[in-house]
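Source file upload17.txt; content: compact mmCIF, C-alpha atoms.
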```txt
# COMPACT_ATOMS: atom_id res chain seq x y z
CA MET A 1 -2.07 -19.11 -3.55
CA LYS A 2 0.95 -16.81 -3.36
CA ILE A 3 4.02 -18.73 -2.18
CA LEU A 4 7.54 -17.59 -1.32
CA VAL A 5 10.33 -20.14 -1.84
CA ILE A 6 13.68 -19.35 -0.20
CA GLU A 7 16.17 -21.87 -1.59
CA ASP A 8 19.79 -21.30 -2.60
CA ASP A 9 20.19 -24.44 -4.72
CA VAL A 10 19.25 -23.32 -8.23
CA THR A 11 18.12 -26.75 -9.45
CA THR A 12 15.95 -27.42 -6.39
CA GLY A 13 14.50 -23.92 -6.36
CA ASP A 14 13.57 -24.01 -10.05
CA TYR A 15 12.08 -27.50 -9.62
CA ILE A 16 9.83 -26.38 -6.76
CA ALA A 17 8.82 -23.11 -8.40
CA HIS A 18 8.02 -24.78 -11.73
CA GLY A 19 5.88 -27.47 -10.09
CA LEU A 20 3.92 -25.00 -7.95
CA ARG A 21 3.31 -22.69 -10.91
CA GLU A 22 2.01 -25.62 -12.94
CA GLU A 23 -0.55 -26.10 -10.17
CA GLY A 24 -1.63 -22.49 -10.65
CA HIS A 25 0.14 -20.86 -7.70
CA THR A 26 2.00 -17.56 -7.86
CA VAL A 27 5.60 -18.18 -6.77
CA ASP A 28 8.47 -15.86 -5.85
CA LEU A 29 11.90 -17.52 -5.63
CA ILE A 30 14.71 -16.00 -3.53
CA ALA A 31 18.21 -17.51 -3.30
CA ASN A 32 19.55 -16.13 0.00
CA GLY A 33 18.30 -15.71 3.52
CA ARG A 34 18.63 -11.96 3.98
CA ASP A 35 16.74 -11.11 0.79
CA GLY A 36 14.21 -13.81 1.62
CA LEU A 37 13.48 -12.24 5.00
CA ILE A 38 13.04 -8.81 3.41
CA GLN A 39 10.68 -10.28 0.82
CA ALA A 40 8.65 -12.11 3.47
CA THR A 41 8.27 -8.96 5.58
CA THR A 42 7.36 -6.60 2.75
CA THR A 43 5.00 -8.82 0.73
CA ALA A 44 1.96 -10.84 1.83
CA TYR A 45 2.23 -14.58 1.18
CA ASP A 46 -0.03 -17.53 1.87
CA ILE A 47 2.81 -20.01 2.50
CA LEU A 48 6.59 -19.90 2.91
CA ILE A 49 8.89 -22.74 1.84
CA VAL A 50 12.29 -22.17 3.46
CA ASP A 51 15.56 -24.07 3.21
CA ARG A 52 17.37 -24.27 6.56
CA MET A 53 20.91 -23.84 5.23
CA LEU A 54 21.04 -20.52 3.38
CA PRO A 55 23.71 -17.89 2.65
CA ASP A 56 23.60 -14.63 4.66
CA LEU A 57 20.85 -15.80 7.04
CA ASP A 58 19.72 -19.33 7.88
CA GLY A 59 16.13 -20.52 7.67
CA ILE A 60 15.69 -20.91 11.43
CA SER A 61 16.65 -17.27 11.95
CA ILE A 62 14.24 -16.16 9.20
CA ILE A 63 11.25 -17.87 10.78
CA LYS A 64 12.18 -16.80 14.33
CA THR A 65 12.40 -13.18 13.15
CA LEU A 66 9.05 -13.38 11.38
CA ARG A 67 7.33 -14.95 14.36
CA GLY A 68 8.84 -12.31 16.64
CA ALA A 69 7.28 -9.69 14.37
CA LYS A 70 3.87 -11.43 14.67
CA ASN A 71 4.04 -12.70 11.09
CA LEU A 72 2.20 -16.03 11.27
CA THR A 73 2.40 -17.03 7.59
CA PRO A 74 2.56 -20.86 7.53
CA ALA A 75 6.10 -22.09 6.83
CA ILE A 76 7.51 -25.39 5.61
CA PHE A 77 11.18 -26.08 6.30
CA LEU A 78 12.90 -27.87 3.43
CA THR A 79 16.29 -29.29 4.40
CA SER A 80 18.79 -32.12 4.31
CA LEU A 81 18.99 -32.02 8.13
CA GLY A 82 16.65 -34.86 8.98
CA GLY A 83 17.52 -35.79 12.55
CA VAL A 84 14.93 -35.72 15.31
CA ASP A 85 16.66 -32.81 17.04
CA ASP A 86 16.77 -30.90 13.73
CA ARG A 87 13.03 -31.35 13.28
CA ILE A 88 12.39 -30.24 16.84
CA ASP A 89 14.53 -27.14 16.33
CA GLY A 90 12.61 -26.26 13.17
CA LEU A 91 9.20 -26.68 14.75
CA ASN A 92 10.21 -24.84 17.93
CA ALA A 93 11.45 -21.94 15.80
CA GLY A 94 7.92 -21.49 14.48
CA GLY A 95 7.86 -23.79 11.46
CA ASP A 96 4.57 -25.48 10.65
CA ASP A 97 6.01 -28.45 8.77
CA TYR A 98 9.38 -30.04 8.01
CA LEU A 99 10.27 -31.90 4.80
CA VAL A 100 13.63 -33.65 4.39
CA LYS A 101 15.59 -33.70 1.13
CA PRO A 102 15.53 -35.55 -1.18
CA PHE A 103 11.76 -35.31 -1.52
CA ALA A 104 9.00 -36.03 -4.03
CA PHE A 105 7.24 -32.95 -5.35
CA GLY A 106 3.91 -34.69 -4.81
CA GLU A 107 4.58 -34.83 -1.08
CA LEU A 108 5.54 -31.15 -0.97
CA SER A 109 2.37 -30.29 -2.89
CA ALA A 110 0.28 -32.34 -0.43
CA ARG A 111 1.88 -30.57 2.54
CA VAL A 112 1.18 -27.17 0.96
CA ALA A 113 -2.46 -28.21 0.49
CA ALA A 114 -2.64 -29.45 4.09
CA LEU A 115 -1.39 -26.12 5.43
CA ALA A 116 -3.97 -24.33 3.29
CA ARG A 117 -6.72 -26.25 5.06
CA ARG A 118 -5.58 -25.24 8.53
CA PRO A 119 -7.83 -22.76 10.37
CA GLN A 120 -4.98 -20.26 10.94
CA MET A 121 -4.59 -19.82 7.22
CA GLN A 122 -8.30 -19.65 6.55
CA GLU A 123 -8.40 -16.68 8.94
CA GLN A 124 -5.98 -14.86 6.63
CA GLU A 125 -6.91 -13.54 3.22
CA SER A 126 -8.59 -16.42 1.40
CA THR A 127 -10.68 -14.47 -1.11
CA LEU A 128 -9.91 -11.67 -3.55
CA ASN A 129 -12.59 -9.39 -4.98
CA ALA A 130 -13.19 -6.78 -7.66
CA GLY A 131 -16.74 -5.55 -7.99
CA ASP A 132 -19.02 -8.58 -8.32
CA LEU A 133 -16.10 -10.91 -9.08
CA THR A 134 -14.79 -13.17 -6.29
CA MET A 135 -11.79 -15.49 -6.29
CA ASP A 136 -11.69 -18.19 -3.61
CA LEU A 137 -7.99 -18.99 -3.20
CA LEU A 138 -8.51 -22.11 -1.10
CA ARG A 139 -11.12 -23.76 -3.33
CA ARG A 140 -9.52 -22.26 -6.47
CA LYS A 141 -12.94 -21.09 -7.58
CA VAL A 142 -13.90 -17.88 -9.42
CA THR A 143 -17.42 -16.49 -9.59
CA ARG A 144 -18.93 -13.32 -10.98
CA ALA A 145 -22.45 -12.21 -10.15
CA GLY A 146 -22.96 -15.67 -8.70
CA VAL A 147 -21.90 -17.42 -11.91
CA GLU A 148 -18.92 -19.80 -11.66
CA ILE A 149 -16.17 -19.16 -14.20
CA ASP A 150 -13.98 -22.03 -15.35
CA LEU A 151 -10.36 -20.87 -15.68
CA LEU A 152 -7.26 -22.75 -16.78
CA PRO A 153 -4.33 -22.65 -14.28
CA ARG A 154 -2.46 -19.89 -16.14
CA GLU A 155 -5.65 -17.81 -16.48
CA PHE A 156 -6.27 -18.25 -12.75
CA ALA A 157 -2.71 -17.12 -11.96
CA LEU A 158 -3.06 -14.10 -14.25
CA LEU A 159 -6.34 -13.05 -12.67
CA GLU A 160 -4.91 -13.55 -9.17
CA HIS A 161 -1.97 -11.32 -10.09
CA PHE A 162 -4.34 -8.54 -11.17
CA LEU A 163 -6.60 -8.89 -8.13
CA ARG A 164 -3.67 -8.71 -5.69
CA ARG A 165 -2.65 -5.44 -7.38
CA LYS A 166 -6.12 -4.04 -7.93
CA GLY A 167 -6.10 -0.54 -9.39
CA ARG A 168 -2.38 -0.63 -10.22
CA VAL A 169 -1.14 -0.74 -13.80
CA GLN A 170 0.70 -3.96 -14.68
CA THR A 171 3.09 -3.76 -17.58
CA ARG A 172 3.77 -6.57 -20.01
CA THR A 173 7.19 -7.07 -18.39
CA MET A 174 5.67 -7.34 -14.91
CA LEU A 175 3.21 -9.96 -16.11
CA LEU A 176 5.87 -11.99 -17.90
CA GLU A 177 8.07 -12.04 -14.80
CA SER A 178 5.35 -12.80 -12.25
CA VAL A 179 2.96 -15.09 -14.12
CA TRP A 180 5.27 -16.76 -16.65
CA ASP A 181 8.60 -16.46 -14.78
CA ILE A 182 10.18 -14.99 -17.94
CA SER A 183 12.72 -12.21 -17.39
CA PHE A 184 13.12 -11.32 -21.07
CA ASP A 185 10.78 -10.44 -23.92
CA PRO A 186 10.09 -13.68 -25.84
CA GLN A 187 8.81 -11.64 -28.80
CA THR A 188 5.45 -13.39 -28.71
CA ASN A 189 1.93 -12.23 -27.92
CA VAL A 190 1.54 -14.70 -25.03
CA VAL A 191 0.43 -11.95 -22.60
CA GLU A 192 -2.06 -10.41 -25.02
CA THR A 193 -3.47 -13.82 -25.94
CA HIS A 194 -4.07 -14.84 -22.33
CA ILE A 195 -5.59 -11.48 -21.41
CA SER A 196 -7.93 -11.81 -24.38
CA ARG A 197 -8.98 -15.28 -23.22
CA LEU A 198 -9.41 -14.07 -19.65
CA ARG A 199 -11.57 -11.16 -20.78
CA ALA A 200 -13.73 -13.53 -22.82
CA LYS A 201 -14.53 -15.43 -19.63
CA VAL A 202 -14.47 -12.71 -16.97
CA ASP A 203 -15.79 -9.63 -18.81
CA LYS A 204 -17.58 -10.46 -22.05
CA PRO A 205 -20.60 -12.30 -20.56
CA PHE A 206 -21.24 -9.49 -18.06
CA ASP A 207 -22.36 -5.87 -18.16
CA LYS A 208 -19.23 -4.16 -16.80
CA GLU A 209 -15.62 -4.51 -17.93
CA LEU A 210 -13.15 -5.11 -15.07
CA ILE A 211 -9.88 -5.62 -16.97
CA LYS A 212 -8.82 -2.30 -18.46
CA THR A 213 -6.17 -1.49 -21.05
CA VAL A 214 -4.04 1.51 -20.13
CA ARG A 215 -2.80 2.72 -23.48
CA GLY A 216 0.98 2.73 -23.76
CA SER A 217 1.43 1.26 -20.26
CA GLY A 218 -0.28 -2.05 -19.67
CA TYR A 219 -3.38 -3.37 -17.92
CA ARG A 220 -5.17 -3.11 -14.61
CA ILE A 221 -8.24 -4.49 -12.94
CA GLU A 222 -10.60 -2.10 -11.18
CA GLU A 223 -13.97 -2.11 -9.48
```
Full structure transcribed into structure tokens:
Amino acid sequence: MKILVIEDDVTTGDYIAHGLREEGHTVDLIANGRDGLIQATTTAYDILIVDRMLPDLDGISIIKTLRGAKNLTPAIFLTSLGGVDDRIDGLNAGGDDYLVKPFAFGELSARVAALARRPQMQEQESTLNAGDLTMDLLRRKVTRAGVEIDLLPREFALLEHFLRRKGRVQTRTMLLESVWDISFDPQTNVVETHISRLRAKVDKPFDKELIKTVRGSGYRIEE
């Protein structure tokens, strides 16, 4: 799934993002409320994880604004405000769940999974396609021409990145930032190695190549 985390505490934000990425999710991390709202309104996400106390714009205002704009992306409030009235305020603002700090990552992960099973989310985009290849985001299952393909979490995240940007060239830098959360060139062939492994599973056993190399630019997936 594609998840937006809006959290101004660097340690907490990195902890959440790292754990979710290890589970194979694509995660964007924003550190202030105003930028978080812009990101949530300009990019499609499966789930939002929002701190209540944020610089520039608080979490309650973010969710109220999104709901007013008919954006129904499921949202989990993450906050140190654990009183009954605080929980009521969060849920009345349009939040779908409320988790109080400090928290165990396992509980957050379970709440994310529970939201993914809700009917309102299943009505949103739950599958991605390219030609005869289908990715089921809820079951985390990939098939091509009816054949199930077993992908490791990083391979799944890489393929999801391509499918969400079908037809658009993705540079090495874009892939490092989105899939590996690396904002500098590590001077390794990690991207090339994973694309080679992904092609061996997604393309090689089948008649048509989906993952294309755009010479001098990067890669893209196309029908």
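Taking atom CA of A:Leu152 as the reference point, atom CA of A:Ala110 is found at 20.4 Å.
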Select, from A:Asp9, A:Asp58, A:Asp150, A:Asp46, the residue with the minimum atom-to-atom distance to A:Ala116, counting all atoms listed in the file.
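Closest candidate: A:Asp46.
Using all atoms listed in the file for every distance, the candidate list A:Lys2, A:Arg164, A:Arg111, A:Arg118 yields A:Arg164 as the residue closest to A:Thr134.
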With distances taken over all atoms listed in the file, the candidate from A:Val5, A:Arg154, A:Val142, A:Arg172 nearest A:Thr188 is A:Arg172
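Here atom CA of A:Leu81 and atom CA of A:Glu7 stand 14.3 Å from one another.
Nearest residue to A:Arg215 among A:Leu163, A:Leu78, A:Val169, A:Gly19 is A:Val169, counting all atoms listed in the file.
Those residues that approach stretch 94-107 of chain A to within 7 Å, counting only C-alpha atoms, are Ile63, Lys64, Arg67, Pro74, Ala75, Ile76, Phe77, Leu78, Thr79, Ser80, Leu81, Gly82 and Arg87 of chain A; same-chain residues fewer than 6 positions away are not listed.
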Quick one: of A:Thr43, A:Thr171, A:Asn71, A:Asn32, who's nearest to A:Pro55, counting all atoms listed in the file?
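Closest to A:Pro55, using all atoms listed in the file: A:Asn32.
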Which one of A:Glu223, A:Val179, A:Leu159, A:Thr193 sits closest to A:Lys141 if you count only C-alpha atoms?
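Smallest distance to A:Lys141 is found for A:Leu159.
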Can you find the residues with an atom no farther than 12 Å from (-10.7, -9.2, -24.1), counting all atoms listed in the file, and report them as a ChimeraX atom specification?
/A:191-205,209-213,219
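Between atom CA of A:Asp136 and atom CA of A:Thr41 the separation is 23.8 Å.
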Filled-in N, CA and C atoms of stretch 136-157 of chain A, supplied as a PDB file, keeping the file's coordinate frame:
```pdb
ATOM      1  N   ASP A 136     -11.918 -17.410  -4.822  1.00  0.00           N
ATOM      2  CA  ASP A 136     -11.690 -18.190  -3.610  1.00  0.00           C
ATOM      3  C   ASP A 136     -10.359 -18.908  -3.776  1.00  0.00           C
ATOM      4  N   LEU A 137      -9.339 -18.466  -3.030  1.00  0.00           N
ATOM      5  CA  LEU A 137      -7.990 -18.990  -3.200  1.00  0.00           C
ATOM      6  C   LEU A 137      -7.855 -20.417  -2.674  1.00  0.00           C
ATOM      7  N   LEU A 138      -8.623 -20.776  -1.671  1.00  0.00           N
ATOM      8  CA  LEU A 138      -8.510 -22.110  -1.100  1.00  0.00           C
ATOM      9  C   LEU A 138      -9.207 -23.156  -1.970  1.00  0.00           C
ATOM     10  N   ARG A 139     -10.389 -22.823  -2.475  1.00  0.00           N
ATOM     11  CA  ARG A 139     -11.120 -23.760  -3.330  1.00  0.00           C
ATOM     12  C   ARG A 139     -10.758 -23.597  -4.807  1.00  0.00           C
ATOM     13  N   ARG A 140      -9.931 -22.560  -5.102  1.00  0.00           N
ATOM     14  CA  ARG A 140      -9.520 -22.260  -6.470  1.00  0.00           C
ATOM     15  C   ARG A 140     -10.752 -22.136  -7.369  1.00  0.00           C
ATOM     16  N   LYS A 141     -11.658 -21.274  -6.915  1.00  0.00           N
ATOM     17  CA  LYS A 141     -12.940 -21.090  -7.580  1.00  0.00           C
ATOM     18  C   LYS A 141     -13.168 -19.604  -7.833  1.00  0.00           C
ATOM     19  N   VAL A 142     -13.617 -19.270  -9.051  1.00  0.00           N
ATOM     20  CA  VAL A 142     -13.900 -17.880  -9.420  1.00  0.00           C
ATOM     21  C   VAL A 142     -15.370 -17.759  -9.795  1.00  0.00           C
ATOM     22  N   THR A 143     -16.023 -16.754  -9.239  1.00  0.00           N
ATOM     23  CA  THR A 143     -17.420 -16.490  -9.590  1.00  0.00           C
ATOM     24  C   THR A 143     -17.599 -15.009  -9.877  1.00  0.00           C
ATOM     25  N   ARG A 144     -18.569 -14.706 -10.742  1.00  0.00           N
ATOM     26  CA  ARG A 144     -18.930 -13.320 -10.980  1.00  0.00           C
ATOM     27  C   ARG A 144     -20.448 -13.232 -11.056  1.00  0.00           C
ATOM     28  N   ALA A 145     -20.997 -12.356 -10.250  1.00  0.00           N
ATOM     29  CA  ALA A 145     -22.450 -12.210 -10.150  1.00  0.00           C
ATOM     30  C   ALA A 145     -23.102 -13.557  -9.879  1.00  0.00           C
ATOM     31  N   GLY A 146     -22.417 -14.367  -9.073  1.00  0.00           N
ATOM     32  CA  GLY A 146     -22.960 -15.670  -8.700  1.00  0.00           C
ATOM     33  C   GLY A 146     -22.742 -16.766  -9.720  1.00  0.00           C
ATOM     34  N   VAL A 147     -22.129 -16.435 -10.843  1.00  0.00           N
ATOM     35  CA  VAL A 147     -21.900 -17.420 -11.910  1.00  0.00           C
ATOM     36  C   VAL A 147     -20.457 -17.922 -11.813  1.00  0.00           C
ATOM     37  N   GLU A 148     -20.274 -19.241 -11.734  1.00  0.00           N
ATOM     38  CA  GLU A 148     -18.920 -19.800 -11.660  1.00  0.00           C
ATOM     39  C   GLU A 148     -18.233 -19.718 -13.010  1.00  0.00           C
ATOM     40  N   ILE A 149     -16.958 -19.310 -12.984  1.00  0.00           N
ATOM     41  CA  ILE A 149     -16.170 -19.160 -14.200  1.00  0.00           C
ATOM     42  C   ILE A 149     -15.053 -20.191 -14.195  1.00  0.00           C
ATOM     43  N   ASP A 150     -14.980 -20.974 -15.243  1.00  0.00           N
ATOM     44  CA  ASP A 150     -13.980 -22.030 -15.350  1.00  0.00           C
ATOM     45  C   ASP A 150     -12.703 -21.472 -15.980  1.00  0.00           C
ATOM     46  N   LEU A 151     -11.629 -21.415 -15.196  1.00  0.00           N
ATOM     47  CA  LEU A 151     -10.360 -20.870 -15.680  1.00  0.00           C
ATOM     48  C   LEU A 151      -9.288 -21.960 -15.711  1.00  0.00           C
ATOM     49  N   LEU A 152      -8.428 -21.890 -16.729  1.00  0.00           N
ATOM     50  CA  LEU A 152      -7.260 -22.750 -16.780  1.00  0.00           C
ATOM     51  C   LEU A 152      -6.235 -22.233 -15.758  1.00  0.00           C
ATOM     52  N   PRO A 153      -5.276 -23.073 -15.317  1.00  0.00           N
ATOM     53  CA  PRO A 153      -4.330 -22.650 -14.280  1.00  0.00           C
ATOM     54  C   PRO A 153      -3.619 -21.339 -14.576  1.00  0.00           C
ATOM     55  N   ARG A 154      -3.165 -21.122 -15.819  1.00  0.00           N
ATOM     56  CA  ARG A 154      -2.460 -19.890 -16.140  1.00  0.00           C
ATOM     57  C   ARG A 154      -3.414 -18.688 -16.113  1.00  0.00           C
ATOM     58  N   GLU A 155      -4.656 -18.884 -16.525  1.00  0.00           N
ATOM     59  CA  GLU A 155      -5.650 -17.810 -16.480  1.00  0.00           C
ATOM     60  C   GLU A 155      -5.951 -17.448 -15.024  1.00  0.00           C
ATOM     61  N   PHE A 156      -6.033 -18.476 -14.170  1.00  0.00           N
ATOM     62  CA  PHE A 156      -6.270 -18.250 -12.750  1.00  0.00           C
ATOM     63  C   PHE A 156      -5.129 -17.439 -12.149  1.00  0.00           C
ATOM     64  N   ALA A 157      -3.884 -17.823 -12.481  1.00  0.00           N
ATOM     65  CA  ALA A 157      -2.710 -17.120 -11.960  1.00  0.00           C
ATOM     66  C   ALA A 157      -2.670 -15.676 -12.446  1.00  0.00           C
TER      67      ALA A 157
END
```
